[in-house]
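model-v2.pdb (PDB, C-alpha atoms) appears below.
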ATOM      1  CA  MET D   1      -3.812  12.631 -18.627
ATOM      2  CA  ALA D   2      -6.591  12.599 -16.021
ATOM      3  CA  VAL D   3      -8.804  15.678 -16.183
ATOM      4  CA  PRO D   4      -8.090  17.820 -13.092
ATOM      5  CA  PHE D   5     -11.578  18.333 -11.752
ATOM      6  CA  PRO D   6     -12.558  17.707  -8.123
ATOM      7  CA  PRO D   7     -12.999  13.960  -7.611
ATOM      8  CA  PRO D   8     -15.850  12.422  -5.633
ATOM      9  CA  PRO D   9     -14.953  11.712  -2.001
ATOM     10  CA  GLY D  10     -13.512   8.362  -1.027
ATOM     11  CA  ARG D  11     -15.101   5.989   1.419
ATOM     12  CA  ARG D  12     -14.371   7.159   4.942
ATOM     13  CA  LEU D  13     -14.155   3.994   6.925
ATOM     14  CA  GLY D  14     -16.841   3.187   9.457
ATOM     15  CA  PRO D  15     -16.644   0.080  11.653
ATOM     16  CA  VAL D  16     -17.126  -2.315   8.707
ATOM     17  CA  GLY D  17     -14.901  -0.362   6.338
ATOM     18  CA  ALA D  18     -12.165  -0.091   8.936
ATOM     19  CA  ALA D  19     -12.207  -3.860   9.296
ATOM     20  CA  LEU D  20     -11.805  -4.205   5.498
ATOM     21  CA  LEU D  21      -8.832  -1.860   5.457
ATOM     22  CA  VAL D  22      -7.197  -3.603   8.415
ATOM     23  CA  VAL D  23      -7.567  -6.981   6.668
ATOM     24  CA  ALA D  24      -6.344  -5.669   3.314
ATOM     25  CA  LEU D  25      -3.331  -3.821   4.682
ATOM     26  CA  ALA D  26      -0.272  -5.982   4.994
ATOM     27  CA  GLY D  27       2.942  -5.604   6.839
ATOM     28  CA  CYS D  28       1.408  -5.708  10.186
ATOM     29  CA  ALA D  29       4.184  -7.015  12.362
ATOM     30  CA  GLU D  30       3.636  -5.376  15.724
ATOM     31  CA  ASP D  31       5.555  -2.121  16.209
ATOM     32  CA  PRO D  32       5.703  -0.637  19.754
ATOM     33  CA  THR D  33       5.842   2.873  18.277
ATOM     34  CA  ALA D  34       2.917   2.415  15.914
ATOM     35  CA  GLY D  35      -0.622   3.480  16.616
ATOM     36  CA  THR D  36      -2.124   0.166  15.431
ATOM     37  CA  ALA D  37      -1.125  -3.103  13.788
ATOM     38  CA  ALA D  38      -3.076  -5.240  11.336
ATOM     39  CA  ALA D  39      -2.825  -8.693   9.792
ATOM     40  CA  SER D  40      -2.751  -9.115   6.028
ATOM     41  CA  SER D  41      -5.200 -11.334   4.235
ATOM     42  CA  ALA D  42      -2.763 -11.508   1.315
ATOM     43  CA  SER D  43       0.280 -12.630   3.273
ATOM     44  CA  PRO D  44       2.157 -15.656   1.922
ATOM     45  CA  PRO D  45       0.742 -19.035   3.077
ATOM     46  CA  ALA D  46       2.030 -20.285   6.391
ATOM     47  CA  ALA D  47       4.682 -22.967   6.208
ATOM     48  CA  THR D  48       3.792 -26.555   7.060
ATOM     49  CA  ALA D  49       3.718 -26.986  10.806
ATOM     50  CA  GLY D  50       6.856 -28.478  12.312
ATOM     51  CA  PRO D  51       8.201 -29.042  15.804
ATOM     52  CA  ALA D  52       7.740 -26.195  18.253
ATOM     53  CA  PRO D  53      10.737 -23.862  18.683
ATOM     54  CA  GLY D  54      13.164 -25.297  21.189
ATOM     55  CA  SER D  55      11.702 -28.844  20.985
ATOM     56  CA  ALA D  56      13.589 -31.782  19.522
ATOM     57  CA  SER D  57      12.924 -32.751  15.913
ATOM     58  CA  PRO D  58      11.889 -36.436  15.553
ATOM     59  CA  GLU D  59      14.049 -36.711  12.410
ATOM     60  CA  THR D  60      17.272 -35.184  13.720
ATOM     61  CA  GLY D  61      16.921 -35.140  17.483
ATOM     62  CA  ARG D  62      18.110 -31.508  17.417
ATOM     63  CA  ALA D  63      16.095 -28.604  18.778
ATOM     64  CA  ALA D  64      14.160 -26.663  16.200
ATOM     65  CA  PRO D  65      15.458 -23.079  15.780
ATOM     66  CA  GLU D  66      13.194 -20.231  16.750
ATOM     67  CA  THR D  67      11.718 -18.224  13.886
ATOM     68  CA  PRO D  68      12.396 -14.468  14.131
ATOM     69  CA  ARG D  69       9.301 -12.506  15.056
ATOM     70  CA  GLY D  70       7.489 -11.299  11.944
ATOM     71  CA  GLY D  71       8.958 -14.014   9.721
ATOM     72  CA  PRO D  72      11.383 -13.559   6.832
ATOM     73  CA  ALA D  73       9.316 -11.001   4.888
ATOM     74  CA  PRO D  74      10.651  -7.446   4.772
ATOM     75  CA  SER D  75       9.067  -4.860   7.032
ATOM     76  CA  GLY D  76       6.219  -2.800   5.626
ATOM     77  CA  ASN D  77       3.293  -4.016   3.570
ATOM     78  CA  ASP D  78       3.341  -7.817   3.180
ATOM     79  CA  VAL D  79       1.044  -7.564   0.167
ATOM     80  CA  ALA D  80       3.729  -5.492  -1.564
ATOM     81  CA  PRO D  81       5.106  -6.789  -4.849
ATOM     82  CA  TYR D  82       8.610  -6.181  -3.546
ATOM     83  CA  ASP D  83      10.624  -8.994  -5.069
ATOM     84  CA  ASP D  84      11.417 -10.569  -8.424
ATOM     85  CA  THR D  85       8.492 -12.994  -8.196
ATOM     86  CA  SER D  86       6.088 -10.192  -9.154
ATOM     87  CA  THR D  87       5.661  -8.583 -12.544
ATOM     88  CA  ARG D  88       5.957  -4.888 -13.333
ATOM     89  CA  ASP D  89       3.411  -4.353 -16.087
ATOM     90  CA  ALA D  90       4.403  -0.748 -16.797
ATOM     91  CA  ALA D  91       6.465   2.133 -15.440
ATOM     92  CA  GLY D  92       5.641   5.828 -15.455
ATOM     93  CA  SER D  93       6.645   9.137 -13.923
ATOM     94  CA  PHE D  94       5.037  10.988 -11.036
ATOM     95  CA  GLY D  95       2.391  13.323 -12.423
ATOM     96  CA  ALA D  96       1.928  11.392 -15.673
ATOM     97  CA  ALA D  97      -1.040   9.141 -16.451
ATOM     98  CA  GLN D  98      -0.454   5.407 -16.695
ATOM     99  CA  ARG D  99      -3.000   2.728 -17.597
ATOM    100  CA  LEU D 100      -3.771   0.181 -14.885
ATOM    101  CA  SER D 101      -6.456  -1.870 -16.602
ATOM    102  CA  ASP D 102      -8.869  -1.731 -19.519
ATOM    103  CA  SER D 103     -10.993   0.807 -17.647
ATOM    104  CA  LEU D 104      -8.705   2.478 -15.105
ATOM    105  CA  GLU D 105      -5.966   5.062 -15.519
ATOM    106  CA  ALA D 106      -3.783   6.326 -12.665
ATOM    107  CA  VAL D 107      -1.750   9.413 -11.833
ATOM    108  CA  VAL D 108       0.546   9.545  -8.787
ATOM    109  CA  ALA D 109       1.450  13.090  -7.734
ATOM    110  CA  GLY D 110       4.186  13.868  -5.236
ATOM    111  CA  PRO D 111       6.058  13.316  -3.117
ATOM    112  CA  ARG D 112       5.335  15.970  -0.510
ATOM    113  CA  PRO D 113       7.473  15.779   2.645
ATOM    114  CA  GLY D 114       5.634  15.790   5.958
ATOM    115  CA  THR D 115       5.928  14.909   9.625
ATOM    116  CA  THR D 116       3.354  12.955  11.571
ATOM    117  CA  GLY D 117       1.338  14.724  14.256
ATOM    118  CA  ASP D 118       0.292  13.590  17.712
ATOM    119  CA  ARG D 119      -1.990  10.666  16.747
ATOM    120  CA  PRO D 120      -0.678   8.873  13.657
ATOM    121  CA  VAL D 121      -1.492   5.246  12.823
ATOM    122  CA  ARG D 122       1.448   2.890  12.205
ATOM    123  CA  ALA D 123       4.088   5.489  13.060
ATOM    124  CA  ALA D 124       5.317   7.443  16.054
ATOM    125  CA  PRO D 125       4.546  11.156  16.404
ATOM    126  CA  GLY D 126       7.157  13.253  14.642
ATOM    127  CA  THR D 127       8.026  10.574  12.057
ATOM    128  CA  PRO D 128       9.194  11.886   8.657
ATOM    129  CA  VAL D 129       6.915  10.744   5.825
ATOM    130  CA  GLN D 130       6.397  11.233   2.125
ATOM    131  CA  VAL D 131       2.829  11.950   0.977
ATOM    132  CA  PHE D 132       1.427  11.163  -2.469
ATOM    133  CA  THR D 133      -1.920  11.741  -4.192
ATOM    134  CA  LEU D 134      -3.174   8.738  -6.164
ATOM    135  CA  THR D 135      -5.896   9.637  -8.682
ATOM    136  CA  LEU D 136      -7.853   7.018 -10.619
ATOM    137  CA  THR D 137      -9.964   7.796 -13.683
ATOM    138  CA  ASN D 138     -12.586   5.438 -15.071
ATOM    139  CA  THR D 139     -12.084   5.485 -18.834
ATOM    140  CA  GLY D 140     -14.559   2.656 -19.429
ATOM    141  CA  SER D 141     -18.311   2.546 -19.954
ATOM    142  CA  THR D 142     -19.370   0.904 -16.675
ATOM    143  CA  PRO D 143     -18.816   1.796 -12.981
ATOM    144  CA  VAL D 144     -15.681   0.388 -11.345
ATOM    145  CA  ASP D 145     -15.497  -0.595  -7.678
ATOM    146  CA  ALA D 146     -12.007   0.778  -7.033
ATOM    147  CA  VAL D 147     -11.548  -0.475  -3.452
ATOM    148  CA  PRO D 148      -8.922  -3.083  -4.495
ATOM    149  CA  TRP D 149      -6.746  -0.270  -5.888
ATOM    150  CA  SER D 150      -6.693   1.564  -2.536
ATOM    151  CA  PHE D 151      -3.458   0.050  -1.170
ATOM    152  CA  PRO D 152      -0.410   1.264  -3.125
ATOM    153  CA  VAL D 153       3.054   0.399  -1.868
ATOM    154  CA  ALA D 154       6.169   2.554  -1.761
ATOM    155  CA  VAL D 155       9.618   1.016  -1.932
ATOM    156  CA  GLU D 156      13.148   2.321  -1.635
ATOM    157  CA  GLY D 157      15.124  -0.113  -3.714
ATOM    158  CA  GLU D 158      13.200  -3.285  -2.913
ATOM    159  CA  GLU D 159      12.479  -2.505   0.752
ATOM    160  CA  PRO D 160       8.893  -1.394   1.437
ATOM    161  CA  ALA D 161       8.250   1.845   3.310
ATOM    162  CA  PRO D 162       5.435   1.262   5.851
ATOM    163  CA  PRO D 163       2.168   3.079   5.081
ATOM    164  CA  VAL D 164       1.099   5.734   7.585
ATOM    165  CA  PHE D 165      -2.304   7.290   8.301
ATOM    166  CA  ASP D 166      -2.601  10.691   9.936
ATOM    167  CA  ASP D 167      -5.574  13.052   9.824
ATOM    168  CA  SER D 168      -3.277  15.998  10.560
ATOM    169  CA  LEU D 169      -1.554  15.318   7.223
ATOM    170  CA  GLY D 170      -4.828  14.821   5.387
ATOM    171  CA  VAL D 171      -4.183  11.084   5.105
ATOM    172  CA  PRO D 172      -7.162   9.342   6.746
ATOM    173  CA  MET D 173      -7.942   5.627   6.705
ATOM    174  CA  GLU D 174     -10.256   5.415   3.703
ATOM    175  CA  THR D 175     -10.589   3.620   0.391
ATOM    176  CA  PHE D 176     -11.562   4.502  -3.153
ATOM    177  CA  PRO D 177     -15.301   4.622  -3.930
ATOM    178  CA  THR D 178     -17.034   3.120  -6.932
ATOM    179  CA  ILE D 179     -16.029   5.360  -9.845
ATOM    180  CA  ALA D 180     -18.594   6.161 -12.517
ATOM    181  CA  PRO D 181     -17.621   6.171 -16.223
ATOM    182  CA  GLY D 182     -15.651   9.318 -17.026
ATOM    183  CA  ASP D 183     -15.207  10.247 -13.339
ATOM    184  CA  SER D 184     -12.071  10.430 -11.200
ATOM    185  CA  ALA D 185     -11.353   9.897  -7.504
ATOM    186  CA  SER D 186      -8.279  10.720  -5.446
ATOM    187  CA  LEU D 187      -6.734   9.174  -2.344
ATOM    188  CA  GLU D 188      -3.988  10.629  -0.169
ATOM    189  CA  VAL D 189      -1.385   8.062   0.873
ATOM    190  CA  ALA D 190       1.712   8.442   3.038
ATOM    191  CA  PHE D 191       4.728   6.296   3.748
ATOM    192  CA  SER D 192       7.272   6.389   6.550
ATOM    193  CA  ALA D 193      10.489   7.540   4.872
ATOM    194  CA  GLU D 194      13.114  10.235   5.159
ATOM    195  CA  HIS D 195      12.336  13.284   3.061
ATOM    196  CA  ASP D 196      15.304  12.650   0.769
ATOM    197  CA  ALA D 197      14.501   8.948   0.256
ATOM    198  CA  ASP D 198      14.067   7.952  -3.385
ATOM    199  CA  LEU D 199      10.704   6.174  -3.267
ATOM    200  CA  ALA D 200       8.920   4.387  -6.066
ATOM    201  CA  VAL D 201       5.148   3.893  -5.738
ATOM    202  CA  ARG D 202       3.621   0.644  -6.944
ATOM    203  CA  VAL D 203      -0.098   0.610  -7.721
ATOM    204  CA  PHE D 204      -1.897  -2.706  -8.048
ATOM    205  CA  ASP D 205      -5.181  -4.533  -7.646
ATOM    206  CA  ASN D 206      -5.088  -5.960  -4.112
ATOM    207  CA  THR D 207      -6.779  -9.151  -5.333
ATOM    208  CA  THR D 208      -3.866  -9.813  -7.746
ATOM    209  CA  PRO D 209      -0.850  -8.217  -6.034
ATOM    210  CA  ASP D 210       1.705 -10.051  -8.168
ATOM    211  CA  HIS D 211       1.272  -7.484 -10.971
ATOM    212  CA  TYR D 212       1.841  -3.778 -10.526
ATOM    213  CA  VAL D 213       2.445  -0.456 -12.268
ATOM    214  CA  GLU D 214       5.359   1.535 -10.875
ATOM    215  CA  PHE D 215       5.680   5.322 -10.659
ATOM    216  CA  THR D 216       9.026   7.022 -10.073
ATOM    217  CA  ASP D 217      10.556  10.484 -10.112
TER     218      ASP D 217
END

Using structure tokens, write down the structure that the file contains.
Amino acid sequence: MAVPFPPPPGRRLGPVGAALLVVALAGCAEDPTAGTAAASSASPPAATAGPAPGSASPETGRAAPETPRGGPAPSGNDVAPYDDTSTRDAAGSFGAAQRLSDSLEAVVAGPRPGTTGDRPVRAAPGTPVQVFTLTLTNTGSTPVDAVPWSFPVAVEGEEPAPPVFDDSLGVPMETFPTIAPGDSASLEVAFSAEHDADLAVRVFDNTTPDHYVEFTD
């Protein structure tokens, strides 16, 4: 279990940090009710270019069908390991420690029901959300740059719940800091979901999102 002492503060995003978070966050199909939208750097590769929608295919002579806006991926975080092509390395319960790597251990506490305020990001005001606290502890002997672990995903079944940022809920746009040996750091994360939704939270290294550790009730 992680020792419950006050963790060092995370990295509040300035102009450069905000750009990093926007690039790292996936699931950024434009939403007219959301405060912002972002494009994922970890989205699946684009398909090979073909004829433009509505134009005739040289092979068949038939018009190419239009691709639905946002593509075939589910809504939410496109980096999410949300299908059977990804590997669940371990499963744990909310509030219990689970090892992520040789030097990192995680605890996910929650959920806490909430409602977005007047200026949320990626949700409309008054949207029901579930809030979690993700705490990482460095159990190794060298500092760990924990930024890649800053983007957990919540799913109901296999459908991702979009992440939400809202200062009024204590969920700002920030990332984990570098964590010294023996130290812990916490990050508040929220997801757009009904209060009675049965969410699972998947924690993973954003540079290798095809492996994750899942926390459930």

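Minimum distance to D:Ala161 across D:Thr142, D:Gln130, D:Thr137, D:Ser186 (counting only C-alpha atoms) occurs at D:Gln130.
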
**Request:** Using the chain letters and numbers from the file, give me the residues hit by the PyMOL selection byres ((chain D and resi 139) around 12), as a PyMOL selection string.
**Result:** chain D and resi 1-3+97-106+136-138+140-144+179-184

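For D:Ala197, the list of residues within 10 Å, based on only C-alpha atoms and with local chain neighbours fewer than 2 positions off taken out, reads Val129, Gln130, Val155, Glu156, Gly157, Ala161, Ser192, Ala193, Glu194, His195, Leu199 and Ala200 of chain D.
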
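With only C-alpha atoms as the basis for measurement, D:Asp84 is the residue among D:Pro148, D:Thr127, D:Asp84, D:Val171 that approaches D:Asp210 most closely.
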
**Complete:** From atom CA of D:Val121 to atom CA of D:Phe165 the spacing works out at 5.0 Å

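Straight-line separation from atom CA of D:Ala96 to atom CA of D:Ser168: 27.1 Å.
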
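For the pair atom CA of D:Phe176 and atom CA of D:Phe94, the separation is 19.5 Å.
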
**Message:** Please enumerate the residues selected by the PyMOL selection byres ((chain D and resi 89) around 12) when evaluated against the supplied file, formatted as a ChimeraX atom specification.
**Reply:** /D:81,86-88,90-92,98-101,202-204,209-215

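For D:Pro128, the residues within 12 Å (counting all atoms listed in the file, excluding itself and residues fewer than 6 positions away along the chain) are Arg112, Pro113, Gly114, Thr115, Thr116, Gly117, Pro120, Ala161, Pro162, Pro163, Val164, Asp166, Leu169, Ala190, Phe191, Ser192, Ala193, Glu194, His195, Asp196 and Ala197 of chain D.
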
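Among the candidates D:Ala146, D:Ala154, D:Ala124, D:Val131, the residue lying nearest to D:Glu174 is D:Ala146 (atoms considered: all atoms listed in the file).
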
**Request:** Please provide the set of residues having any atom within 6 Å of D:Ala109, restricted to only C-alpha atoms, with same-chain residues fewer than 4 positions apart removed, written as JSON, numbers by chain.
**Result:** {"D": [94, 95, 132, 133]}

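Comparing the minimum interatomic distances between D:Thr208 and each of D:Arg119, D:Trp149, D:Gly126, D:Val108, counting all atoms listed in the file, we find that D:Trp149 sits nearest.
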